[in-house]
Structures are given as C-alpha cells and as structure tokens.
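J.: Next comes work.cif, mmCIF, C-alpha atoms:
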data_query
loop_
_atom_site.label_atom_id
_atom_site.label_comp_id
_atom_site.auth_asym_id
_atom_site.auth_seq_id
_atom_site.Cartn_x
_atom_site.Cartn_y
_atom_site.Cartn_z
CA MET A 73 19.91 37.01 7.70
CA GLU A 74 16.21 37.50 6.96
CA GLU A 75 15.99 40.37 9.44
CA GLN A 76 19.00 42.12 7.94
CA ALA A 77 17.52 41.63 4.46
CA GLU A 78 14.23 43.17 5.58
CA MET A 79 15.95 46.11 7.21
CA VAL A 80 18.13 46.82 4.19
CA GLY A 81 15.23 46.27 1.80
CA ARG A 82 13.02 48.73 3.63
CA ALA A 83 15.75 51.38 3.85
CA PHE A 84 16.60 50.93 0.18
CA VAL A 85 12.97 51.27 -0.91
CA ASP A 86 12.53 54.46 1.13
CA HIS A 87 15.67 55.91 -0.38
CA TYR A 88 15.02 54.79 -3.96
CA TYR A 89 11.51 56.18 -4.32
CA GLN A 90 12.34 59.32 -2.37
CA LEU A 91 15.06 60.01 -4.94
CA PHE A 92 12.78 58.99 -7.82
CA ASP A 93 10.06 61.41 -6.73
CA ASN A 94 12.26 64.32 -5.68
CA ASP A 95 15.67 64.12 -7.36
CA ARG A 96 15.45 61.60 -10.16
CA ALA A 97 18.84 62.51 -11.64
CA SER A 98 20.48 61.19 -8.47
CA LEU A 99 19.20 57.65 -9.02
CA CYS A 100 22.30 57.05 -11.15
CA SER A 101 24.30 56.80 -7.93
CA LEU A 102 22.51 53.51 -7.17
CA TYR A 103 23.53 51.71 -10.39
CA GLN A 104 26.86 50.43 -11.74
CA PRO A 105 28.22 49.63 -15.21
CA THR A 106 27.09 45.99 -14.79
CA SER A 107 23.49 46.91 -13.86
CA ILE A 108 20.49 45.81 -15.91
CA LEU A 109 17.05 47.43 -15.93
CA THR A 110 14.03 45.89 -17.64
CA PHE A 111 11.41 48.62 -17.87
CA GLU A 112 8.06 47.44 -19.22
CA GLY A 113 9.89 44.77 -21.23
CA GLN A 114 12.70 47.02 -22.54
CA ILE A 115 16.17 45.87 -21.46
CA ILE A 116 18.66 48.65 -20.65
CA GLN A 117 22.21 48.03 -19.48
CA GLY A 118 24.76 50.12 -17.63
CA VAL A 119 24.46 53.12 -15.39
CA ASP A 120 24.53 55.69 -18.22
CA ASP A 121 21.72 54.22 -20.30
CA ILE A 122 19.65 53.39 -17.22
CA SER A 123 20.04 56.93 -15.94
CA ARG A 124 19.06 58.34 -19.34
CA LYS A 125 15.97 56.11 -19.47
CA LEU A 126 14.78 57.07 -15.99
CA ASN A 127 15.31 60.77 -16.65
CA GLN A 128 13.54 60.68 -19.99
CA LEU A 129 10.36 58.96 -18.80
CA PRO A 130 7.41 60.92 -20.19
CA PHE A 131 6.39 62.55 -16.93
CA ASP A 132 7.97 65.05 -14.58
CA GLN A 133 6.31 65.05 -11.21
CA CYS A 134 5.32 61.72 -9.74
CA HIS A 135 4.68 60.16 -6.37
CA HIS A 136 5.21 56.48 -5.51
CA LEU A 137 3.04 55.00 -2.79
CA ILE A 138 4.41 51.66 -1.53
CA SER A 139 1.98 48.87 -0.59
CA THR A 140 4.26 45.89 0.16
CA ILE A 141 8.01 45.23 0.50
CA ASP A 142 9.28 41.63 0.53
CA SER A 143 13.02 41.11 1.03
CA GLN A 144 15.15 37.96 1.04
CA PRO A 145 18.87 37.30 1.31
CA SER A 146 20.36 36.36 -2.07
CA ALA A 147 22.55 33.56 -0.76
CA PHE A 148 24.69 32.89 -3.82
CA ALA A 149 25.39 36.54 -4.58
CA GLY A 150 25.83 37.79 -1.01
CA GLY A 151 23.13 40.30 -1.81
CA ILE A 152 19.49 41.04 -1.14
CA ILE A 153 16.39 40.67 -3.28
CA VAL A 154 13.65 43.26 -2.78
CA PHE A 155 10.18 42.91 -4.27
CA VAL A 156 7.90 45.95 -4.18
CA SER A 157 4.28 46.57 -5.03
CA GLY A 158 2.64 49.95 -5.01
CA SER A 159 1.07 52.68 -7.04
CA LEU A 160 2.45 55.58 -9.03
CA GLN A 161 0.58 58.87 -9.12
CA LEU A 162 1.50 61.05 -12.09
CA GLN A 163 0.85 64.77 -11.97
CA GLY A 164 -2.35 65.68 -13.78
CA GLU A 165 -3.63 62.09 -13.94
CA ASP A 166 -6.74 61.09 -12.03
CA HIS A 167 -5.93 57.46 -11.36
CA PRO A 168 -2.72 56.08 -9.91
CA LEU A 169 -1.02 53.25 -11.83
CA ARG A 170 -0.37 49.99 -9.95
CA PHE A 171 3.14 48.60 -10.38
CA SER A 172 5.44 45.78 -9.26
CA GLN A 173 9.21 46.10 -9.18
CA MET A 174 12.09 43.95 -8.04
CA PHE A 175 15.66 44.88 -7.21
CA HIS A 176 18.68 42.64 -6.74
CA LEU A 177 21.06 44.54 -4.48
CA ILE A 178 24.76 43.65 -4.38
CA PRO A 179 27.11 44.90 -1.65
CA LYS A 180 29.89 47.33 -2.41
CA LEU A 181 32.35 48.74 0.08
CA GLN A 182 31.37 50.09 3.48
CA GLY A 183 28.00 48.43 3.82
CA ALA A 184 26.43 50.15 0.82
CA PHE A 185 24.58 48.32 -1.93
CA PHE A 186 24.09 48.93 -5.62
CA VAL A 187 21.29 47.74 -7.92
CA GLN A 188 22.50 44.90 -10.15
CA ASN A 189 19.05 43.83 -11.41
CA ASP A 190 15.94 46.01 -11.65
CA ILE A 191 12.68 44.88 -13.25
CA PHE A 192 9.66 47.20 -13.43
CA ARG A 193 6.15 46.38 -14.63
CA LEU A 194 2.87 48.24 -14.51
CA ASN A 195 0.01 45.98 -13.43
CA TYR A 196 -2.78 46.19 -15.92
CA GLY A 197 -6.10 45.17 -14.36
CA MET B 228 23.77 36.24 -21.80
CA GLU B 229 20.43 38.07 -22.03
CA GLU B 230 19.18 35.70 -24.70
CA GLN B 231 20.11 32.65 -22.67
CA ALA B 232 18.41 34.17 -19.63
CA GLU B 233 15.25 34.79 -21.64
CA MET B 234 15.24 31.27 -23.03
CA VAL B 235 15.78 29.66 -19.64
CA GLY B 236 13.27 31.99 -17.99
CA ARG B 237 10.57 31.16 -20.49
CA ALA B 238 11.18 27.40 -20.27
CA PHE B 239 11.21 27.56 -16.48
CA VAL B 240 7.93 29.51 -16.34
CA ASP B 241 6.24 27.04 -18.67
CA HIS B 242 7.44 24.14 -16.57
CA TYR B 243 6.70 25.70 -13.18
CA TYR B 244 3.08 26.67 -13.80
CA GLN B 245 2.37 23.50 -15.74
CA LEU B 246 3.43 21.56 -12.63
CA PHE B 247 1.57 23.94 -10.33
CA ASP B 248 -1.68 23.50 -12.25
CA ASN B 249 -1.43 19.77 -12.96
CA ASP B 250 0.91 18.08 -10.50
CA ARG B 251 1.52 20.47 -7.63
CA ALA B 252 3.25 17.88 -5.44
CA SER B 253 6.08 17.72 -7.99
CA LEU B 254 7.01 21.37 -7.49
CA CYS B 255 9.23 20.21 -4.61
CA SER B 256 11.72 19.00 -7.23
CA LEU B 257 12.45 22.64 -8.12
CA TYR B 258 13.49 23.74 -4.62
CA GLN B 259 16.49 22.93 -2.40
CA PRO B 260 17.15 23.06 1.36
CA THR B 261 18.50 26.64 0.97
CA SER B 262 15.42 27.91 -0.89
CA ILE B 263 13.25 30.73 0.45
CA LEU B 264 9.63 31.44 -0.51
CA THR B 265 7.78 34.59 0.52
CA PHE B 266 4.10 33.95 -0.10
CA GLU B 267 1.86 36.97 0.48
CA GLY B 268 4.35 38.20 3.08
CA GLN B 269 4.89 34.86 4.85
CA ILE B 270 8.52 33.67 4.76
CA ILE B 271 9.01 29.90 4.35
CA GLN B 272 12.42 28.22 4.15
CA GLY B 273 13.60 24.90 2.81
CA VAL B 274 12.16 22.47 0.33
CA ASP B 275 10.01 20.58 2.88
CA ASP B 276 8.21 23.59 4.31
CA ILE B 277 7.84 25.22 0.90
CA SER B 278 6.38 22.04 -0.53
CA ARG B 279 3.96 21.75 2.39
CA LYS B 280 2.85 25.36 1.95
CA LEU B 281 2.22 24.99 -1.78
CA ASN B 282 0.32 21.76 -1.33
CA GLN B 283 -1.83 23.13 1.47
CA LEU B 284 -2.99 26.28 -0.31
CA PRO B 285 -6.77 26.55 0.14
CA PHE B 286 -7.71 25.57 -3.40
CA ASP B 287 -7.36 22.44 -5.47
CA GLN B 288 -7.79 23.14 -9.15
CA CYS B 289 -6.26 26.28 -10.53
CA HIS B 290 -5.00 27.65 -13.80
CA HIS B 291 -2.25 30.23 -14.22
CA LEU B 292 -2.39 32.49 -17.25
CA ILE B 293 0.93 34.25 -17.85
CA SER B 294 0.93 37.85 -19.13
CA THR B 295 4.61 38.85 -19.05
CA ILE B 296 7.97 37.18 -18.41
CA ASP B 297 11.07 39.32 -17.85
CA SER B 298 14.39 37.52 -17.37
CA GLN B 299 17.87 38.80 -16.60
CA PRO B 300 21.21 37.14 -15.90
CA SER B 301 22.09 37.32 -12.19
CA ALA B 302 25.74 38.17 -12.69
CA PHE B 303 27.04 37.73 -9.16
CA ALA B 304 25.26 34.43 -8.55
CA GLY B 305 25.74 32.87 -11.99
CA GLY B 306 21.97 32.48 -12.08
CA ILE B 307 18.89 33.97 -13.67
CA ILE B 308 16.19 36.25 -12.34
CA VAL B 309 12.69 35.73 -13.70
CA PHE B 310 9.84 38.16 -13.07
CA VAL B 311 6.33 37.03 -13.98
CA SER B 312 2.95 38.74 -14.11
CA GLY B 313 -0.29 36.97 -14.81
CA SER B 314 -3.59 35.83 -13.43
CA LEU B 315 -4.71 32.86 -11.41
CA GLN B 316 -8.09 31.30 -12.06
CA LEU B 317 -9.40 29.23 -9.16
CA GLN B 318 -12.04 26.60 -9.76
CA GLY B 319 -15.48 27.90 -8.88
CA GLU B 320 -14.41 31.55 -8.72
CA ASP B 321 -15.76 34.03 -11.25
CA HIS B 322 -12.85 36.42 -11.40
CA PRO B 323 -9.21 35.54 -11.88
CA LEU B 324 -6.72 36.99 -9.38
CA ARG B 325 -3.85 39.08 -10.75
CA PHE B 326 -0.43 38.19 -9.36
CA SER B 327 3.26 39.02 -9.67
CA GLN B 328 6.01 36.55 -8.84
CA MET B 329 9.78 36.50 -9.05
CA PHE B 330 12.20 33.60 -9.07
CA HIS B 331 15.96 33.60 -8.58
CA LEU B 332 17.24 30.49 -10.35
CA ILE B 333 20.65 29.04 -9.47
CA PRO B 334 22.39 26.44 -11.64
CA LYS B 335 22.94 22.91 -10.41
CA LEU B 336 24.63 20.11 -12.32
CA GLN B 337 23.91 19.32 -15.95
CA GLY B 338 22.37 22.61 -16.96
CA ALA B 339 19.40 22.39 -14.60
CA PHE B 340 18.37 25.19 -12.25
CA PHE B 341 16.72 25.27 -8.85
CA VAL B 342 14.69 28.05 -7.23
CA GLN B 343 16.74 29.80 -4.55
CA ASN B 344 14.39 32.79 -4.08
CA ASP B 345 10.66 32.88 -4.80
CA ILE B 346 8.40 35.84 -3.96
CA PHE B 347 4.67 35.75 -4.71
CA ARG B 348 2.14 38.55 -4.35
CA LEU B 349 -1.44 38.98 -5.42
CA ASN B 350 -2.06 42.38 -6.99
CA TYR B 351 -4.95 44.06 -5.27
CA GLY B 352 -6.54 46.68 -7.48
#
Would you mind writing the file out in structure tokens?
T.:
Amino acid sequence: MEEQAEMVGRAFVDHYYQLFDNDRASLCSLYQPTSILTFEGQIIQGVDDISRKLNQLPFDQCHHLISTIDSQPSAFAGGIIVFVSGSLQLQGEDHPLRFSQMFHLIPKLQGAFFVQNDIFRLNYG
Amino acid sequence: MEEQAEMVGRAFVDHYYQLFDNDRASLCSLYQPTSILTFEGQIIQGVDDISRKLNQLPFDQCHHLISTIDSQPSAFAGGIIVFVSGSLQLQGEDHPLRFSQMFHLIPKLQGAFFVQNDIFRLNYG
C-alpha cells in the first residue's frame, strides 16, 4: 500500500507541476465539482472556481522545483495523501519562493485520481 | 461543513501542540493502530511505533509556535484535513526551525477524532 501510494504520489506530482508550469489551463482536468482548494488561506470550491483562481494568479511564467514528496495511503477514503515541499521561481524575480502543498487524491474510474483536497502555502522565513 | 472543519482543526492543533510541548507521552492517545506518520521522510505505522518515535526525538523541551492553520472537510473519509505551518523552538537553540505538518483526522465515537495520517517536514530555507 505504501509503495503504491509513493508511486502514484510521485507520478501525480510530476504531472501536476508539469501542467502548472507549461499548460496551466489544463489543471482543471485534475479537479472535480466536489474539490476544495485553500490557496494562501482563501478557500475555493469546485472545478470552475479553482480553475479560474489558478489561471488568474498574478504571474505568467513560473517553474516549480520539487524538494520532497511524502505520500501515504488514505485508508478511510481509498485515496492517497501527497505532501510536497519545493520552491517556485517566477519569471523576472530574483529569489524563488519556498512553498508547501498537500493533495488528497481520490480514485475515479480506470486507475485515475482526482484532487479532492488541495492546500497551498508559501513558507515565509 | 467548512466552518466545522475550521473549528475542529483549530481545536485539534491547540490540543496537539500543547500535548507535544508539555506532555509528549500523551500524544499516543491521538493515534490508532491504523495511523501512519511520515517524519522527515521516515514512515512509521501504528500507535506504538509512532509514540516511540515522538518520545525518542533528540530533544526534550520544545515550544511550537503556530503561524497558519488551514482545514478542509475530507468528504470521502468523513474526516478533516488540517495543514499547519509554524516554527519549533528547541531548548538551548538560538534559531527556531520552520516546519509544515498535515493531519488527516478521522471521527471515532462521541465526536472525537484520531490522527489517521500525519506528515511532518522541516522547511529548509
């Protein structure tokens, strides 16, 4: 179970930030109407509002660099919890921003997962 | 639902770090045999091993200072996800350590919750 969680977590993280950095509009495919995002303390619900929020963030080009990925099975939901730390380099900014983010992935059909819970925080030093 | 999650999350965080800082041995009451802790990348399962790990951390006195608490309902598990950022002051150390931690709380009888998933990471600058 732990190994499967780690494998899925790693693949999800690769996919998520690759989309975020290169094709942010496509992130909507990873959320569902039940999904919740808390972005720097702001709670946003449902795929439409989450997609709008992510696409209207006040920067265009960015690059996520991942430092750690911790994944666990989410026993009572049949899902996987993924906890990420890393840094976010914005175009034109000198210093990358450190962040932490967690995802609660829930299975849908055919082995795919969607993001039910997503919490993002910048780490202020 | 979101308000209840925030209320429970806040009360849990108060309780958890109060125990951690003042009566660490009692933290075992918050875990169950199914619980999983990932502590700085090390996976530990079950209340006994988690309790042993927390009690054998290489410091005695410590003080957690909480910066942010983000809570969400965990729809498919009937639980609550709590995401914490803060700093950890160890006795005799000059500089506090920044950390991020997430808890997946699952209800047991009589309105109480236990920690099913717990992931802890220090934030290196």
J.: Would you write out, as a PyMOL selection string, every residue that the PyMOL selection byres ((chain A) within 9 of (chain B)) captures in this file?
T.: chain A and resi 74+106+108-110+112-113+115+140-151+153+155+157+170-174+176+178+188-191+193+195-197
J.: Check what the PyMOL selection byres ((chain B and resi 240) around 10) selects in the file above and give those residues as a list in words.
T.: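 Answer for the PyMOL selection byres ((chain B and resi 240) around 10): Val235, Gly236, Arg237, Ala238, Phe239, Asp241, His242, Tyr243, Tyr244, Gln245, Leu246, Ile293, Ile296, Val309, Phe310, Val311 and Phe330 of chain B.
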J.: Work out how far apart atom CA of Glu320 of chain B and atom CA of Leu292 of chain B are and give it in Å to one decimal.
T.: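 Atom CA of Leu292 of chain B lies at a distance of 14.8 Å from atom CA of Glu320 of chain B.
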J.: The PyMOL selection byres ((chain B and resi 260) around 8) on the file shown: which residues, as a ChimeraX atom specification?
T.: /B:258-259,261-262,272-275
J.: Would you mind telling me which residue in B:Val342, B:Gln283, B:Ile277, B:Asp248 lies nearest to Leu317 of chain B when using all atoms listed in the file?
T.: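 Selected residue with least distance to Leu317 of chain B: B:Asp248.
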J.: What is the distance between atom CA of Ser98 of chain A and atom CA of Leu177 of chain A, in Å to one decimal?
T.: 17.1 Å
J.: Mind pulling up the distance from atom CA of Phe340 of chain B to atom CA of Leu257 of chain B?
T.: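 We find that atom CA of Leu257 of chain B and atom CA of Phe340 of chain B lie 7.7 Å from each other.
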J.: So, counting all atoms listed in the file, which residue among B:Asn282, B:Gln316, B:Cys289, B:Gly338 is closest to Asn249 of chain B?
T.: B:Cys289
J.: Which residue out of B:Lys280, B:Phe286, B:Pro334, B:Arg251 has the minimum interatomic distance to Ala232 of chain B when only C-alpha atoms are used?
T.: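 Residue with the minimum atom-to-atom distance to Ala232 of chain B: B:Pro334.
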J.: Mind rebuilding segment 165-176 of chain A with all heavy atoms and writing that out as a tab-separated table (two decimals), keeping the file's coordinate frame?
T.:
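Output file result28.tsv follows:
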chain	number	residue	atom	x	y	z
A	165	GLU	N	-2.85	63.29	-13.64
A	165	GLU	CA	-3.63	62.09	-13.94
A	165	GLU	C	-4.56	61.80	-12.76
A	165	GLU	O	-4.18	61.95	-11.61
A	165	GLU	CB	-2.70	60.88	-14.14
A	165	GLU	CG	-1.75	60.98	-15.30
A	165	GLU	CD	-2.44	60.82	-16.65
A	165	GLU	OE1	-3.50	60.14	-16.69
A	165	GLU	OE2	-1.95	61.38	-17.64
A	166	ASP	N	-5.77	61.35	-13.09
A	166	ASP	CA	-6.74	61.09	-12.03
A	166	ASP	C	-6.40	59.82	-11.25
A	166	ASP	O	-6.49	59.78	-10.03
A	166	ASP	CB	-8.14	60.92	-12.63
A	166	ASP	CG	-8.75	62.28	-12.96
A	166	ASP	OD1	-8.22	63.29	-12.45
A	166	ASP	OD2	-9.74	62.31	-13.72
A	167	HIS	N	-6.06	58.77	-12.00
A	167	HIS	CA	-5.93	57.46	-11.36
A	167	HIS	C	-4.47	57.05	-11.23
A	167	HIS	O	-3.72	57.12	-12.21
A	167	HIS	CB	-6.69	56.42	-12.17
A	167	HIS	CG	-8.16	56.72	-12.25
A	167	HIS	ND1	-8.98	56.61	-11.16
A	167	HIS	CD2	-8.93	57.16	-13.27
A	167	HIS	CE1	-10.22	56.96	-11.50
A	167	HIS	NE2	-10.21	57.31	-12.79
A	168	PRO	N	-4.08	56.60	-10.05
A	168	PRO	CA	-2.72	56.08	-9.91
A	168	PRO	C	-2.57	54.78	-10.70
A	168	PRO	O	-3.54	54.07	-10.94
A	168	PRO	CB	-2.58	55.84	-8.41
A	168	PRO	CG	-3.96	55.74	-7.88
A	168	PRO	CD	-4.84	56.53	-8.79
A	169	LEU	N	-1.34	54.48	-11.11
A	169	LEU	CA	-1.02	53.25	-11.83
A	169	LEU	C	-0.43	52.26	-10.83
A	169	LEU	O	0.51	52.60	-10.10
A	169	LEU	CB	0.02	53.55	-12.92
A	169	LEU	CG	-0.36	54.64	-13.91
A	169	LEU	CD1	0.88	55.08	-14.72
A	169	LEU	CD2	-1.46	54.14	-14.83
A	170	ARG	N	-0.95	51.03	-10.82
A	170	ARG	CA	-0.37	49.99	-9.95
A	170	ARG	C	0.90	49.46	-10.62
A	170	ARG	O	0.94	49.31	-11.84
A	170	ARG	CB	-1.36	48.84	-9.77
A	170	ARG	CG	-2.68	49.22	-9.12
A	170	ARG	CD	-2.63	49.21	-7.61
A	170	ARG	NE	-1.92	48.04	-7.11
A	170	ARG	CZ	-1.47	47.93	-5.87
A	170	ARG	NH1	-1.63	48.91	-5.01
A	170	ARG	NH2	-0.85	46.85	-5.47
A	171	PHE	N	1.91	49.17	-9.82
A	171	PHE	CA	3.14	48.60	-10.38
A	171	PHE	C	3.72	47.54	-9.45
A	171	PHE	O	3.38	47.48	-8.26
A	171	PHE	CB	4.18	49.70	-10.63
A	171	PHE	CG	4.81	50.24	-9.37
A	171	PHE	CD1	5.98	49.68	-8.87
A	171	PHE	CD2	4.23	51.28	-8.67
A	171	PHE	CE1	6.57	50.16	-7.69
A	171	PHE	CE2	4.80	51.76	-7.49
A	171	PHE	CZ	5.96	51.20	-7.01
A	172	SER	N	4.59	46.69	-10.03
A	172	SER	CA	5.44	45.78	-9.26
A	172	SER	C	6.86	46.01	-9.73
A	172	SER	O	7.09	46.30	-10.92
A	172	SER	CB	5.07	44.32	-9.50
A	172	SER	OG	3.73	44.07	-9.14
A	173	GLN	N	7.81	45.88	-8.82
A	173	GLN	CA	9.21	46.10	-9.18
A	173	GLN	C	10.08	45.24	-8.29
A	173	GLN	O	9.77	45.03	-7.11
A	173	GLN	CB	9.55	47.58	-8.99
A	173	GLN	CG	10.93	47.98	-9.48
A	173	GLN	CD	11.09	49.48	-9.68
A	173	GLN	OE1	10.29	50.26	-9.16
A	173	GLN	NE2	12.12	49.87	-10.42
A	174	MET	N	11.13	44.68	-8.87
A	174	MET	CA	12.09	43.95	-8.04
A	174	MET	C	13.50	44.49	-8.26
A	174	MET	O	13.83	44.96	-9.35
A	174	MET	CB	12.03	42.45	-8.29
A	174	MET	CG	12.52	41.92	-9.61
A	174	MET	SD	14.33	41.71	-9.71
A	174	MET	CE	14.63	40.81	-8.22
A	175	PHE	N	14.27	44.45	-7.18
A	175	PHE	CA	15.66	44.88	-7.21
A	175	PHE	C	16.54	43.75	-6.66
A	175	PHE	O	16.17	43.13	-5.66
A	175	PHE	CB	15.88	46.10	-6.30
A	175	PHE	CG	15.04	47.29	-6.63
A	175	PHE	CD1	13.83	47.52	-5.97
A	175	PHE	CD2	15.45	48.21	-7.59
A	175	PHE	CE1	13.05	48.63	-6.25
A	175	PHE	CE2	14.67	49.33	-7.88
A	175	PHE	CZ	13.48	49.53	-7.21
A	176	HIS	N	17.66	43.53	-7.30
A	176	HIS	CA	18.68	42.64	-6.74
A	176	HIS	C	19.84	43.53	-6.33
A	176	HIS	O	20.50	44.13	-7.19
A	176	HIS	CB	19.11	41.62	-7.80
A	176	HIS	CG	19.96	40.51	-7.29
A	176	HIS	ND1	20.70	39.69	-8.10
A	176	HIS	CD2	20.17	40.04	-6.03
A	176	HIS	CE1	21.34	38.79	-7.38
A	176	HIS	NE2	21.04	38.98	-6.12
